[in-house]
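S.K.: Sharing input-v7.txt here; it has compact mmCIF, C-alpha atoms.
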```
# COMPACT_ATOMS: atom_id res chain seq x y z
CA MET S 1030 11.72 79.79 9.34
CA TYR S 1031 10.29 78.43 6.09
CA ALA S 1032 7.22 77.06 7.88
CA ALA S 1033 6.67 80.48 9.49
CA THR S 1034 7.06 82.12 6.05
CA LEU S 1035 4.44 79.90 4.40
CA ARG S 1036 2.08 80.22 7.36
CA THR S 1037 2.32 84.02 7.27
CA VAL S 1038 1.78 84.16 3.48
CA HIS S 1039 -1.19 81.83 3.85
CA ASP S 1040 -2.69 83.85 6.72
CA VAL S 1041 -2.29 87.45 5.54
CA GLY S 1042 -1.53 87.10 1.78
CA TYR S 1043 1.75 87.60 -0.04
CA ALA S 1044 1.72 91.40 -0.22
CA ARG S 1045 1.12 91.85 3.52
CA ALA S 1046 3.57 89.11 4.56
CA THR S 1047 6.42 91.50 5.31
CA VAL S 1048 9.81 90.35 6.57
CA GLU S 1049 8.83 91.96 9.89
CA ARG S 1050 5.67 89.85 10.17
CA ILE S 1051 7.45 86.66 9.07
CA ALA S 1052 10.25 87.24 11.60
CA ALA S 1053 7.68 87.76 14.35
CA ALA S 1054 5.89 84.53 13.36
CA ALA S 1055 9.22 82.68 13.51
CA GLY S 1056 10.06 84.30 16.86
CA ILE S 1057 13.36 85.80 15.71
CA ALA S 1058 14.68 89.32 15.16
CA LYS S 1059 14.09 91.02 11.82
CA THR S 1060 17.79 91.92 11.63
CA THR S 1061 18.67 88.22 11.94
CA VAL S 1062 16.47 87.44 8.93
CA TYR S 1063 18.05 90.25 6.90
CA ARG S 1064 21.54 88.93 7.66
CA ARG S 1065 20.73 85.75 5.79
CA TRP S 1066 18.20 87.05 3.21
CA PRO S 1067 18.80 90.60 2.03
CA THR S 1068 15.28 90.93 0.57
CA LYS S 1069 11.84 89.41 1.02
CA GLY S 1070 12.16 88.01 -2.51
CA ALA S 1071 15.37 86.14 -1.61
CA LEU S 1072 13.67 84.62 1.45
CA ILE S 1073 10.65 83.55 -0.58
CA VAL S 1074 12.80 81.96 -3.31
CA ASP S 1075 14.70 79.87 -0.73
CA CYS S 1076 11.42 79.00 0.98
CA LEU S 1077 10.02 77.78 -2.37
CA LEU S 1078 13.16 75.72 -3.06
CA ASP S 1079 12.67 74.08 0.32
CA ALA S 1080 8.93 73.51 -0.27
CA PHE S 1081 9.36 72.07 -3.77
CA GLY S 1082 12.48 70.00 -3.16
CA PRO S 1083 14.01 68.00 -6.00
CA ALA S 1084 11.81 67.26 -9.02
CA PRO S 1085 10.69 63.60 -9.22
CA LEU S 1086 12.55 62.96 -12.46
CA GLY S 1087 13.53 59.42 -11.55
CA ALA S 1088 9.87 58.57 -10.99
CA THR S 1089 9.38 56.52 -14.14
CA ASP S 1090 8.98 52.83 -13.42
CA PRO S 1091 12.50 51.37 -13.49
CA GLY S 1092 11.02 48.20 -14.97
CA THR S 1093 9.90 50.02 -18.11
CA ALA S 1094 12.51 52.76 -18.39
CA THR S 1095 15.07 51.99 -21.05
CA GLY S 1096 17.32 54.93 -20.29
CA THR S 1097 19.01 56.42 -17.25
CA ALA S 1098 16.82 59.40 -16.42
CA GLY S 1099 18.66 61.94 -14.31
CA GLY S 1100 22.06 60.50 -15.07
CA ASN S 1101 21.88 60.98 -18.79
CA THR S 1102 24.82 63.04 -20.04
CA GLU S 1103 24.18 62.52 -23.75
CA SER S 1104 22.48 65.33 -25.63
CA GLY S 1105 20.08 62.79 -27.09
CA THR S 1106 17.84 60.68 -24.88
CA ASP S 1107 17.51 56.99 -24.31
CA LEU S 1108 13.95 57.28 -23.07
CA GLY S 1109 11.13 55.88 -25.17
CA SER S 1110 7.94 57.80 -25.81
CA ALA S 1111 6.01 56.13 -22.96
CA GLU S 1112 8.80 56.81 -20.45
CA ARG S 1113 9.09 60.45 -21.56
CA GLY S 1114 5.35 60.82 -21.19
CA ALA S 1115 5.34 59.23 -17.73
CA LEU S 1116 8.18 61.46 -16.60
CA ILE S 1117 6.41 64.61 -17.86
CA GLU S 1118 3.15 63.51 -16.27
CA SER S 1119 4.72 62.87 -12.85
CA GLY S 1120 6.44 66.26 -13.06
CA ILE S 1121 3.17 68.08 -13.83
CA ARG S 1122 1.26 66.31 -11.05
CA TRP S 1123 4.10 67.00 -8.63
CA ILE S 1124 4.17 70.75 -9.34
CA ALA S 1125 0.36 71.00 -9.35
CA GLY S 1126 0.33 69.32 -5.94
CA ARG S 1127 3.01 71.63 -4.56
CA ILE S 1128 1.21 74.75 -5.83
CA GLY S 1129 -1.92 73.49 -4.08
CA GLN S 1130 -0.24 73.37 -0.65
CA PRO S 1131 -1.26 76.12 1.81
CA GLY S 1132 0.95 79.16 1.33
CA VAL S 1133 3.09 77.67 -1.44
CA GLY S 1134 0.93 78.73 -4.39
CA ASP S 1135 0.42 82.20 -2.91
CA ALA S 1136 4.16 82.61 -2.31
CA PHE S 1137 4.97 81.37 -5.82
CA ALA S 1138 2.43 83.59 -7.57
CA GLY S 1139 3.38 86.54 -5.37
CA VAL S 1140 7.13 86.40 -5.92
CA PHE S 1141 6.55 85.83 -9.62
CA SER S 1142 4.33 88.92 -9.69
CA ASP S 1143 6.88 91.08 -7.90
CA ALA S 1144 9.52 89.90 -10.37
CA VAL S 1145 7.56 91.42 -13.28
CA SER S 1146 8.67 94.90 -12.22
CA ASP S 1147 11.90 93.88 -10.42
CA PRO S 1148 14.68 92.71 -12.77
CA ALA S 1149 16.98 91.67 -9.90
CA LEU S 1150 14.30 89.43 -8.41
CA ARG S 1151 13.51 88.05 -11.87
CA GLU S 1152 17.16 87.10 -12.28
CA LEU S 1153 17.16 85.43 -8.84
CA LEU S 1154 13.97 83.54 -9.63
CA ALA S 1155 15.27 82.37 -13.01
CA SER S 1156 18.80 81.43 -11.90
CA ARG S 1157 18.31 80.15 -8.37
CA PHE S 1158 14.82 78.66 -8.56
CA GLN S 1159 14.09 77.73 -12.20
CA ASP S 1160 17.55 76.77 -13.51
CA PRO S 1161 18.14 73.63 -11.40
CA TYR S 1162 14.79 72.19 -12.55
CA ARG S 1163 15.47 73.24 -16.13
CA GLN S 1164 18.85 71.53 -16.15
CA ALA S 1165 17.48 68.35 -14.56
CA LEU S 1166 14.69 68.28 -17.16
CA GLN S 1167 17.12 68.83 -20.03
CA GLU S 1168 19.20 65.87 -18.86
CA ALA S 1169 16.23 63.62 -18.15
CA LEU S 1170 14.45 64.35 -21.44
CA GLY S 1171 17.51 64.99 -23.62
CA GLU S 1172 15.83 68.15 -24.92
CA PRO S 1173 17.47 71.47 -25.78
CA GLU S 1174 17.17 74.40 -23.36
CA GLN S 1175 14.66 76.33 -25.47
CA ARG S 1176 12.19 73.44 -25.54
CA VAL S 1177 12.47 72.79 -21.81
CA LEU S 1178 11.92 76.49 -21.08
CA PHE S 1179 8.80 76.29 -23.25
CA LEU S 1180 7.64 73.21 -21.29
CA ILE S 1181 8.11 75.10 -18.00
CA ASP S 1182 6.29 78.19 -19.34
CA THR S 1183 3.38 75.99 -20.38
CA VAL S 1184 2.97 74.00 -17.18
CA VAL S 1185 3.84 76.63 -14.58
CA GLY S 1186 2.17 79.47 -16.50
CA THR S 1187 -1.10 77.55 -16.86
CA LEU S 1188 -1.20 76.57 -13.17
CA LEU S 1189 -0.31 80.08 -11.98
CA HIS S 1190 -2.83 81.73 -14.32
CA ARG S 1191 -5.60 79.62 -12.86
CA LEU S 1192 -4.46 80.38 -9.30
CA GLY S 1193 -4.12 84.10 -10.07
CA MET S 1194 -7.50 84.39 -11.80
CA THR S 1195 -9.54 82.36 -9.30
CA GLY S 1196 -7.51 82.31 -6.09
CA GLU S 1197 -7.83 78.51 -6.17
CA PRO S 1198 -5.52 75.76 -7.44
CA MET S 1199 -6.51 73.98 -10.66
CA SER S 1200 -9.10 71.20 -10.33
CA ASP S 1201 -8.05 67.58 -10.88
CA THR S 1202 -10.05 67.46 -14.11
CA ASP S 1203 -8.13 70.39 -15.54
CA VAL S 1204 -4.78 69.04 -14.32
CA ASP S 1205 -5.69 65.85 -16.22
CA ALA S 1206 -6.34 67.96 -19.34
CA LEU S 1207 -3.00 69.74 -18.90
CA VAL S 1208 -1.23 66.40 -18.55
CA ALA S 1209 -2.92 65.07 -21.69
CA MET S 1210 -2.12 68.18 -23.75
CA VAL S 1211 1.52 68.45 -22.68
CA ARG S 1212 2.21 64.68 -22.80
CA ARG S 1213 0.92 64.51 -26.33
CA PHE S 1214 3.07 67.44 -27.43
CA PHE S 1215 6.30 66.36 -25.70
CA ALA S 1216 5.97 62.59 -26.07
CA ALA S 1217 8.47 62.49 -28.93
CA PRO S 1218 11.85 64.29 -28.93
CA GLU S 1219 11.89 67.39 -31.13
CA MET K 1030 -5.60 108.67 -21.42
CA TYR K 1031 -4.99 105.04 -22.41
CA ALA K 1032 -2.00 106.01 -24.53
CA ALA K 1033 -0.56 107.97 -21.58
CA THR K 1034 -1.17 104.94 -19.34
CA LEU K 1035 0.68 102.52 -21.60
CA ARG K 1036 3.49 105.01 -22.19
CA THR K 1037 3.97 105.52 -18.44
CA VAL K 1038 3.92 101.76 -17.73
CA HIS K 1039 6.41 101.22 -20.54
CA ASP K 1040 8.71 104.01 -19.33
CA VAL K 1041 8.81 103.45 -15.55
CA GLY K 1042 7.41 99.92 -15.10
CA TYR K 1043 4.03 98.83 -13.77
CA ALA K 1044 4.74 99.22 -10.05
CA ARG K 1045 6.01 102.80 -10.38
CA ALA K 1046 3.29 103.86 -12.84
CA THR K 1047 1.09 105.48 -10.18
CA VAL K 1048 -2.20 107.17 -11.00
CA GLU K 1049 -0.42 110.45 -10.19
CA ARG K 1050 2.30 109.82 -12.78
CA ILE K 1051 -0.21 108.62 -15.39
CA ALA K 1052 -2.42 111.67 -14.85
CA ALA K 1053 0.62 113.94 -15.22
CA ALA K 1054 1.59 112.17 -18.48
CA ALA K 1055 -1.96 112.68 -19.76
CA GLY K 1056 -1.95 116.31 -18.64
CA ILE K 1057 -5.03 116.04 -16.46
CA ALA K 1058 -5.74 116.29 -12.73
CA LYS K 1059 -5.39 113.16 -10.59
CA THR K 1060 -8.83 113.82 -9.09
CA THR K 1061 -10.33 113.74 -12.60
CA VAL K 1062 -8.84 110.29 -13.18
CA TYR K 1063 -10.15 109.03 -9.84
CA ARG K 1064 -13.67 110.23 -10.68
CA ARG K 1065 -13.78 107.78 -13.57
CA TRP K 1066 -11.49 105.00 -12.26
CA PRO K 1067 -11.61 104.48 -8.48
CA THR K 1068 -8.36 102.47 -8.49
CA LYS K 1069 -5.25 102.02 -10.59
CA GLY K 1070 -6.37 98.45 -11.28
CA ALA K 1071 -9.69 99.66 -12.74
CA LEU K 1072 -7.84 102.09 -15.01
CA ILE K 1073 -5.43 99.38 -16.18
CA VAL K 1074 -8.26 96.91 -16.90
CA ASP K 1075 -10.09 99.47 -19.08
CA CYS K 1076 -6.80 100.37 -20.75
CA LEU K 1077 -6.20 96.69 -21.58
CA LEU K 1078 -9.74 96.30 -22.95
CA ASP K 1079 -9.03 99.26 -25.23
CA ALA K 1080 -5.62 97.89 -26.26
CA PHE K 1081 -6.88 94.36 -26.97
CA GLY K 1082 -10.19 95.25 -28.59
CA PRO K 1083 -12.51 92.47 -29.76
CA ALA K 1084 -10.99 89.01 -30.30
CA PRO K 1085 -10.64 88.06 -33.99
CA LEU K 1086 -13.06 85.18 -33.73
CA GLY K 1087 -14.56 85.72 -37.14
CA ALA K 1088 -11.11 85.49 -38.69
CA THR K 1089 -11.51 82.06 -40.21
CA ASP K 1090 -11.76 82.16 -43.97
CA PRO K 1091 -15.49 82.53 -44.75
CA GLY K 1092 -14.92 80.39 -47.84
CA THR K 1093 -13.94 77.37 -45.76
CA ALA K 1094 -15.94 77.92 -42.58
CA THR K 1095 -18.96 75.68 -42.43
CA GLY K 1096 -20.47 77.26 -39.34
CA THR K 1097 -21.35 80.74 -38.18
CA ALA K 1098 -18.53 81.58 -35.79
CA GLY K 1099 -19.54 84.30 -33.37
CA GLY K 1100 -23.23 83.92 -34.01
CA ASN K 1101 -23.49 80.31 -32.91
CA THR K 1102 -26.06 79.89 -30.16
CA GLU K 1103 -26.14 76.08 -30.15
CA SER K 1104 -24.20 74.29 -27.42
CA GLY K 1105 -22.61 72.15 -30.10
CA THR K 1106 -20.55 73.66 -32.87
CA ASP K 1107 -20.89 73.70 -36.61
CA LEU K 1108 -17.19 74.29 -37.12
CA GLY K 1109 -15.06 71.51 -38.56
CA SER K 1110 -11.70 70.59 -37.10
CA ALA K 1111 -9.69 72.74 -39.53
CA GLU K 1112 -11.87 75.80 -38.88
CA ARG K 1113 -11.64 75.31 -35.12
CA GLY K 1114 -7.87 75.03 -35.40
CA ALA K 1115 -7.63 78.15 -37.58
CA LEU K 1116 -9.78 80.11 -35.16
CA ILE K 1117 -7.67 79.02 -32.16
CA GLU K 1118 -4.46 79.79 -34.03
CA SER K 1119 -5.57 83.29 -35.01
CA GLY K 1120 -6.62 83.92 -31.40
CA ILE K 1121 -3.23 82.83 -30.03
CA ARG K 1122 -1.28 84.91 -32.55
CA TRP K 1123 -3.50 87.90 -31.84
CA ILE K 1124 -2.98 87.79 -28.07
CA ALA K 1125 0.77 87.09 -28.43
CA GLY K 1126 1.02 90.15 -30.69
CA ARG K 1127 -0.93 92.33 -28.26
CA ILE K 1128 1.20 91.22 -25.29
CA GLY K 1129 4.28 92.15 -27.33
CA GLN K 1130 3.17 95.77 -27.79
CA PRO K 1131 5.07 98.39 -25.73
CA GLY K 1132 3.45 98.78 -22.34
CA VAL K 1133 0.64 96.27 -22.95
CA GLY K 1134 2.48 93.15 -21.75
CA ASP K 1135 3.84 95.02 -18.72
CA ALA K 1136 0.39 96.35 -17.83
CA PHE K 1137 -1.18 92.91 -18.28
CA ALA K 1138 1.43 91.05 -16.20
CA GLY K 1139 1.40 93.81 -13.60
CA VAL K 1140 -2.35 93.96 -13.04
CA PHE K 1141 -2.48 90.17 -13.02
CA SER K 1142 0.23 90.15 -10.37
CA ASP K 1143 -1.55 92.68 -8.19
CA ALA K 1144 -4.71 90.59 -8.46
CA VAL K 1145 -2.99 87.63 -6.78
CA SER K 1146 -3.26 89.37 -3.41
CA ASP K 1147 -6.28 91.59 -4.21
CA PRO K 1148 -9.58 89.66 -4.50
CA ALA K 1149 -11.55 92.73 -5.65
CA LEU K 1150 -9.12 93.33 -8.51
CA ARG K 1151 -9.18 89.61 -9.37
CA GLU K 1152 -12.96 89.79 -9.64
CA LEU K 1153 -12.72 92.87 -11.87
CA LEU K 1154 -10.11 91.22 -14.06
CA ALA K 1155 -12.13 88.01 -14.40
CA SER K 1156 -15.56 89.62 -14.94
CA ARG K 1157 -14.75 92.76 -16.89
CA PHE K 1158 -11.68 91.69 -18.86
CA GLN K 1159 -11.73 87.90 -19.22
CA ASP K 1160 -15.46 87.13 -19.37
CA PRO K 1161 -16.30 88.82 -22.69
CA TYR K 1162 -13.51 86.87 -24.42
CA ARG K 1163 -14.53 83.66 -22.65
CA GLN K 1164 -18.15 84.04 -23.78
CA ALA K 1165 -17.17 84.85 -27.36
CA LEU K 1166 -14.88 81.79 -27.41
CA GLN K 1167 -17.60 79.53 -25.97
CA GLU K 1168 -19.98 80.63 -28.70
CA ALA K 1169 -17.43 80.43 -31.50
CA LEU K 1170 -16.08 77.00 -30.49
CA GLY K 1171 -19.25 75.56 -29.00
CA GLU K 1172 -17.25 74.44 -25.96
CA PRO K 1173 -18.34 74.42 -22.32
CA GLU K 1174 -17.13 77.14 -19.96
CA GLN K 1175 -14.67 74.90 -18.12
CA ARG K 1176 -12.83 73.94 -21.28
CA VAL K 1177 -12.62 77.52 -22.55
CA LEU K 1178 -11.28 78.67 -19.17
CA PHE K 1179 -8.63 75.96 -19.49
CA LEU K 1180 -7.78 77.19 -23.00
CA ILE K 1181 -7.37 80.74 -21.69
CA ASP K 1182 -5.22 79.56 -18.75
CA THR K 1183 -2.97 77.68 -21.14
CA VAL K 1184 -2.46 80.41 -23.71
CA VAL K 1185 -2.37 83.49 -21.49
CA GLY K 1186 -0.53 81.73 -18.65
CA THR K 1187 2.23 80.48 -20.96
CA LEU K 1188 2.71 83.91 -22.59
CA LEU K 1189 2.71 85.76 -19.26
CA HIS K 1190 5.09 83.25 -17.64
CA ARG K 1191 7.61 83.85 -20.39
CA LEU K 1192 7.22 87.61 -20.10
CA GLY K 1193 7.46 87.47 -16.30
CA MET K 1194 10.51 85.22 -16.25
CA THR K 1195 12.51 86.96 -18.98
CA GLY K 1196 11.04 90.46 -19.29
CA GLU K 1197 10.63 89.74 -23.01
CA PRO K 1198 7.66 88.54 -25.10
CA MET K 1199 7.78 84.97 -26.40
CA SER K 1200 9.83 84.39 -29.57
CA ASP K 1201 8.05 83.53 -32.83
CA THR K 1202 9.44 79.98 -32.69
CA ASP K 1203 7.89 79.40 -29.29
CA VAL K 1204 4.60 81.01 -30.28
CA ASP K 1205 4.57 78.53 -33.18
CA ALA K 1206 5.10 75.69 -30.67
CA LEU K 1207 2.27 77.01 -28.50
CA VAL K 1208 -0.03 77.18 -31.53
CA ALA K 1209 0.87 73.61 -32.51
CA MET K 1210 0.33 72.23 -29.02
CA VAL K 1211 -2.97 73.99 -28.35
CA ARG K 1212 -4.35 73.45 -31.88
CA ARG K 1213 -3.70 69.73 -31.62
CA PHE K 1214 -5.42 69.51 -28.24
CA PHE K 1215 -8.45 71.64 -29.10
CA ALA K 1216 -8.92 70.68 -32.73
CA ALA K 1217 -11.80 68.34 -31.91
CA PRO K 1218 -14.75 69.20 -29.64
CA GLU K 1219 -14.54 67.56 -26.20
```
Turn this file's structure into structure tokens for me.
M.R.:
Amino acid sequence: MYAATLRTVHDVGYARATVERIAAAAGIAKTTVYRRWPTKGALIVDCLLDAFGPAPLGATDPGTATGTAGGNTESGTDLGSAERGALIESGIRWIAGRIGQPGVGDAFAGVFSDAVSDPALRELLASRFQDPYRQALQEALGEPEQRVLFLIDTVVGTLLHRLGMTGEPMSDTDVDALVAMVRRFFAAPE
Amino acid sequence: MYAATLRTVHDVGYARATVERIAAAAGIAKTTVYRRWPTKGALIVDCLLDAFGPAPLGATDPGTATGTAGGNTESGTDLGSAERGALIESGIRWIAGRIGQPGVGDAFAGVFSDAVSDPALRELLASRFQDPYRQALQEALGEPEQRVLFLIDTVVGTLLHRLGMTGEPMSDTDVDALVAMVRRFFAAPE
């Protein structure tokens, strides 16, 4: 179902990828889709969760990490500056890679766009899609919610703006610049 | 006409602000609107150009500026690091303020969203709306096109992501963080 969703979005664009078309691509009845996902937005959000999977927040080299990223329940952090930077960098490269996959970036930008004038979808996107990553980041970095939300705005907003303005994912050179800018800013705890 | 456009977008949301509704709010015939703006997107882009006006790129203190911001035709820049930082900061605060005006942020996020699945609108948005600011920034900062496009992605993307995810403009505290992060990264020429 998720593969058929991404394929349809990739083939005909987000706006024209109706639930009817997606159901047809998956070879199942439209009513069956609506039993599980009441709206197109709900289907897309679950499809994105499946496509992104868990964030690679344990991806710092265990040989250099001094803390317990992902299992940190303190409000402070045990991670040193280099480990924080490595964790942020792997997160940025991971999300940039995901947004560059066929259909994923279009689905992400499209559902985000619909959410601008749809408060219920915005709530779904924030609570069901963004919140798990936000919480994992807060624990891994030991940063307060407001600062992690700012980090997400910066990274996701920059990548989506490029995709929205050009129709293409960000080039490697610019992803490198984004990594450098954000690493530098978030290397030390607030 | 532009005031009626922003008022309608503010009152009923971007998606439901049809050309018909906007024309009614302005007290003119829909056909008259379509003679000047062939699509809703074209009307919104011109409305945004009017709402934003020229970027405040000459806003650095003339007493401290060593270069000729805005009139610089060299590929290098005469601006020192502090002047470059001040110019970037005033630009960020200007756009954050504009996006916070009633109707403007909604119209901006909405037209940007529509452009994701509308290549013709994307081209209009990039060439008619973004390009004049990009060129003025390239001249003022003496930076290559790619780096200025990255600067725009970062600032506009971050502000629009916050607006899209929460329905509210970014708080002053977070705008301060954005200024600090971007100033630090762009303070020196590449």
S.K.: Take the point (-17.7, 95.9, -15.1) as written in the file and pick out every residue within 12 Å of it, counting only C-alpha atoms; give the list as a PyMOL selection string.
M.R.: chain K and resi 1066+1071-1072+1074-1075+1078+1149-1150+1152-1161
S.K.: Take the residues that were just selected and, keeping C-alpha atoms, output them as a JSON list (two decimals), keeping the file's coordinate frame.
M.R.:
```
[["chain", "number", "residue", "atom", "x", "y", "z"],
["K", 1066, "TRP", "CA", -11.49, 105.00, -12.26],
["K", 1071, "ALA", "CA", -9.69, 99.66, -12.74],
["K", 1072, "LEU", "CA", -7.84, 102.09, -15.01],
["K", 1074, "VAL", "CA", -8.26, 96.91, -16.90],
["K", 1075, "ASP", "CA", -10.09, 99.47, -19.08],
["K", 1078, "LEU", "CA", -9.74, 96.30, -22.95],
["K", 1149, "ALA", "CA", -11.55, 92.73, -5.65],
["K", 1150, "LEU", "CA", -9.12, 93.33, -8.51],
["K", 1152, "GLU", "CA", -12.96, 89.79, -9.64],
["K", 1153, "LEU", "CA", -12.72, 92.87, -11.87],
["K", 1154, "LEU", "CA", -10.11, 91.22, -14.06],
["K", 1155, "ALA", "CA", -12.13, 88.01, -14.40],
["K", 1156, "SER", "CA", -15.56, 89.62, -14.94],
["K", 1157, "ARG", "CA", -14.75, 92.76, -16.89],
["K", 1158, "PHE", "CA", -11.68, 91.69, -18.86],
["K", 1159, "GLN", "CA", -11.73, 87.90, -19.22],
["K", 1160, "ASP", "CA", -15.46, 87.13, -19.37],
["K", 1161, "PRO", "CA", -16.30, 88.82, -22.69]]
```
S.K.: Just want the 12 Å neighbourhood of Asp1040 in chain S, counted on all atoms listed in the file, with same-chain residues fewer than 3 positions away dropped. Output as a short mmCIF file (atom, residue, chain, number, x, y, z; two decimals) with C-alpha atoms, keeping the file's coordinate frame.
M.R.:
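Wrote selection-v7.cif, looks like this:
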```
data_model
loop_
_atom_site.label_atom_id
_atom_site.label_comp_id
_atom_site.auth_asym_id
_atom_site.auth_seq_id
_atom_site.Cartn_x
_atom_site.Cartn_y
_atom_site.Cartn_z
CA ALA S 1033 6.67 80.48 9.49
CA THR S 1034 7.06 82.12 6.05
CA LEU S 1035 4.44 79.90 4.40
CA ARG S 1036 2.08 80.22 7.36
CA THR S 1037 2.32 84.02 7.27
CA TYR S 1043 1.75 87.60 -0.04
CA ALA S 1044 1.72 91.40 -0.22
CA ARG S 1045 1.12 91.85 3.52
CA ALA S 1046 3.57 89.11 4.56
CA THR S 1047 6.42 91.50 5.31
CA ARG S 1050 5.67 89.85 10.17
CA ILE S 1051 7.45 86.66 9.07
CA ALA S 1054 5.89 84.53 13.36
CA PRO S 1131 -1.26 76.12 1.81
CA GLY S 1132 0.95 79.16 1.33
CA VAL S 1133 3.09 77.67 -1.44
CA ASP S 1135 0.42 82.20 -2.91
CA ALA S 1136 4.16 82.61 -2.31
CA SER K 1146 -3.26 89.37 -3.41
#
```
S.K.: For the atom pair CA of Phe1215 in chain S and CA of Trp1123 in chain S, what is the interatomic distance in Å to one decimal place?
M.R.: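 One can read the CA of Phe1215 in chain S to CA of Trp1123 in chain S distance as 17.2 Å.
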S.K.: What are the closest atom pairs, with distances in Å to one decimal, for each residue of chain K lying within 8 Å of chain S, using only C-alpha atoms, rows by chain and rising residue number, as a tab-separated table?
M.R.:
```
residue	atom	partner	partner_atom	distance
K:Gly1042	CA	S:Ser1146	CA	5.9
K:Tyr1043	CA	S:Ser1146	CA	6.3
K:Ala1044	CA	S:Ser1146	CA	6.2
K:Asp1135	CA	S:Val1145	CA	7.5
K:Ala1138	CA	S:Val1145	CA	6.8
K:Gly1139	CA	S:Val1145	CA	6.6
K:Phe1141	CA	S:Gly1193	CA	6.9
K:Ser1142	CA	S:Ser1142	CA	4.3
K:Asp1143	CA	S:Ser1142	CA	7.1
K:Ala1144	CA	S:Gly1193	CA	6.7
K:Val1145	CA	S:Gly1193	CA	5.0
K:Ser1146	CA	S:Gly1042	CA	5.9
K:Pro1148	CA	S:Gly1196	CA	7.8
K:Arg1151	CA	S:Met1194	CA	6.0
K:Glu1152	CA	S:Met1194	CA	8.0
K:Leu1154	CA	S:Met1194	CA	7.7
K:Ala1155	CA	S:Met1194	CA	6.4
K:Phe1179	CA	S:Asp1203	CA	6.8
K:Asp1182	CA	S:Thr1187	CA	5.0
K:Thr1183	CA	S:Thr1187	CA	4.7
K:Val1184	CA	S:Thr1187	CA	7.5
K:Val1185	CA	S:His1190	CA	7.4
K:Gly1186	CA	S:Gly1186	CA	4.1
K:Thr1187	CA	S:Gly1186	CA	4.6
K:Leu1188	CA	S:Asp1182	CA	7.5
K:Leu1189	CA	S:Gly1186	CA	6.9
K:His1190	CA	S:Gly1186	CA	4.9
K:Arg1191	CA	S:Asp1182	CA	5.9
K:Leu1192	CA	S:Val1145	CA	7.8
K:Gly1193	CA	S:Val1145	CA	5.0
K:Met1194	CA	S:Arg1151	CA	6.0
K:Thr1195	CA	S:Arg1151	CA	7.3
K:Gly1196	CA	S:Val1145	CA	7.0
K:Asp1203	CA	S:Phe1179	CA	6.9
K:Met1210	CA	S:Phe1214	CA	5.7
K:Val1211	CA	S:Met1210	CA	7.5
K:Phe1214	CA	S:Met1210	CA	5.7
```
S.K.: Distance CA of Gly1171 in chain S-CA of Pro1083 in chain S, one decimal place?
M.R.: 18.2 Å
S.K.: What gap, in Å, lies between CA of Ile1121 in chain S and CA of Gln1167 in chain S?
M.R.: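 Going from CA of Ile1121 in chain S over to CA of Gln1167 in chain S covers 15.3 Å.
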S.K.: Go through S:Gly1109, S:Pro1067, S:Gly1126, S:Gly1082 one by one, measure the shortest atom-to-atom distance of each to Leu1170 in chain S using all atoms listed in the file, and give the residue with the smallest value.
M.R.: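 That would be S:Gly1109, the residue with the smallest distance to Leu1170 in chain S.
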